[in-house]
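Single-structure report; data block below.
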Amino acid sequence: MAKWGEGDPRWIVEERADATNVNNWHWTERDATNWSSEKLKELLLAVRVEGADGVCEVTEVDKLEGEASINNRKGKLIFFYEWNIKATWTGTSKAGIKYKGNMEVPNLSDENDMDDLDISVSLCKDEPDTPLLAFMRKEGSRKVRAALGSYIGHLKTEFTQGMILPTANGLSKQPKEPQSKAKVDKTMIDKGGSAPPPPSAGVKIPTCKFSLKDTFLTSPEELYRVFLNQEMVQAFTHAPATVDGERGGKFRLLDGNVCGEFQELVPDEKIVMKWRYKTWPSEHYAIFTLSFSDRGGDTELKVECKGVPVSEEERTKQGWQRYYFEAIKQTFGYGARLC
């Protein structure tokens, strides 16, 4: 049995001995090629960077060769995509002089990490040298990488809506959580089985505060959305979740091991929420403040935590690093160097 986190993470497969193929649900496939073509064009044509020397933007997507599909195998979604992309970019200097160039991404594939993408940027033949070329190679490429990472995120959430398995009695159900390394290791975010019952309310416990920081290769808007969109939360936790992404809305993740409430929402900038493990003292919540800062193609996420029980500090830090930061990067292709 291949498990999440072991080997190629695309293969989220649970082998089971089923005697019958109930309603032909063991393996279904959805072609995402046409949808992907439109989504890639939409995201790439929105790429625009501005600096001291002028403005660069993608003005035309010249070639999109490839395919994309999603396979639903026994409730486990497996994503396949492979694209060769060619586009035209235009630069405009502060003096109003226009330059034209080419951009190519030959290896956008489920087999490659986002950090391994080859993004080639050049000027068209006979165009004079300009500082905008170096600017587009650096900042433009970062924006393109973020746009392609956003495509993967949309593919794994927006396009998968409705891929629900039929059951033997014809009723639909959500895919079961994969038997994964993440599930096996959720003693950090554990089920109640071996954990002691939470202490009763009214007991004063020592608490601490700490902060975490990481960088994601996407925009603040996209990263902000990851925490409030139920389908995206289910994608990176690989488990059913309930998320009401409004002020005062509640959330419940990871089989109920994590729950809380959104207290303040500043679109694309800040999320303040009450947050707790179910094994914490009854009705005790910590306050988590998530701040999203645009770093020119990347987003810096700072998480400030107050009210975490002292005995839970390390467990909480490790849980956030692993089941939020690392899982979001791996699922949506937002990987970047740790701060």
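Identifiers for the structure tokens are assigned positionally: chains receive A, B, ... in sequence, residues are indexed from 1 per chain, and ligands are indexed from 1 in the order shown.
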
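By chain and then residue number, the residues within 8 Å of Ala327 (chain A) are Phe236, Thr237 and Arg322 of chain A, counting only C-alpha atoms and disregarding those fewer than 5 positions away in sequence.
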
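For Glu50 (chain A), the residues within 12 Å (counting only C-alpha atoms, excluding itself and residues fewer than 5 positions away along the chain) are Val55, Cys56, Glu57, Thr90, Gly91, Thr92, Ser93, Lys94, Leu132, Phe135, Met136, Lys138, Glu139, Gly140, Lys143, Gly296 and Gly297 of chain A.
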
With C-alpha atoms kept, could you save the residues just selected as a tab-separated table (two decimals), in the first residue's frame?
```
chain	number	residue	atom	x	y	z
A	55	VAL	CA	6.64	47.54	-16.64
A	56	CYS	CA	6.66	43.97	-18.00
A	57	GLU	CA	3.58	41.88	-18.67
A	90	THR	CA	5.98	43.11	-23.55
A	91	GLY	CA	8.12	45.57	-21.65
A	92	THR	CA	7.57	49.31	-21.50
A	93	SER	CA	10.39	51.51	-20.20
A	94	LYS	CA	9.85	54.62	-18.13
A	132	LEU	CA	13.77	45.07	-18.55
A	135	PHE	CA	13.85	42.36	-14.57
A	136	MET	CA	11.46	40.04	-16.40
A	138	LYS	CA	13.83	37.66	-12.15
A	139	GLU	CA	10.55	39.23	-11.07
A	140	GLY	CA	8.48	38.18	-14.07
A	143	LYS	CA	5.09	35.89	-10.96
A	296	GLY	CA	7.09	40.66	-4.87
A	297	GLY	CA	5.94	37.29	-6.16
```

Polymer residues at most 8 Å from Phe332 (chain A), only C-alpha atoms, same-chain spacing of 4 or more positions, as a PyMOL selection string: chain A and resi 149-150+152-153+156+236+328

Residue contacts of Val121 (chain A) (6 Å, only C-alpha atoms) excluding same-chain residues fewer than 3 positions away, as number ranges by chain: A: 102-103, 137
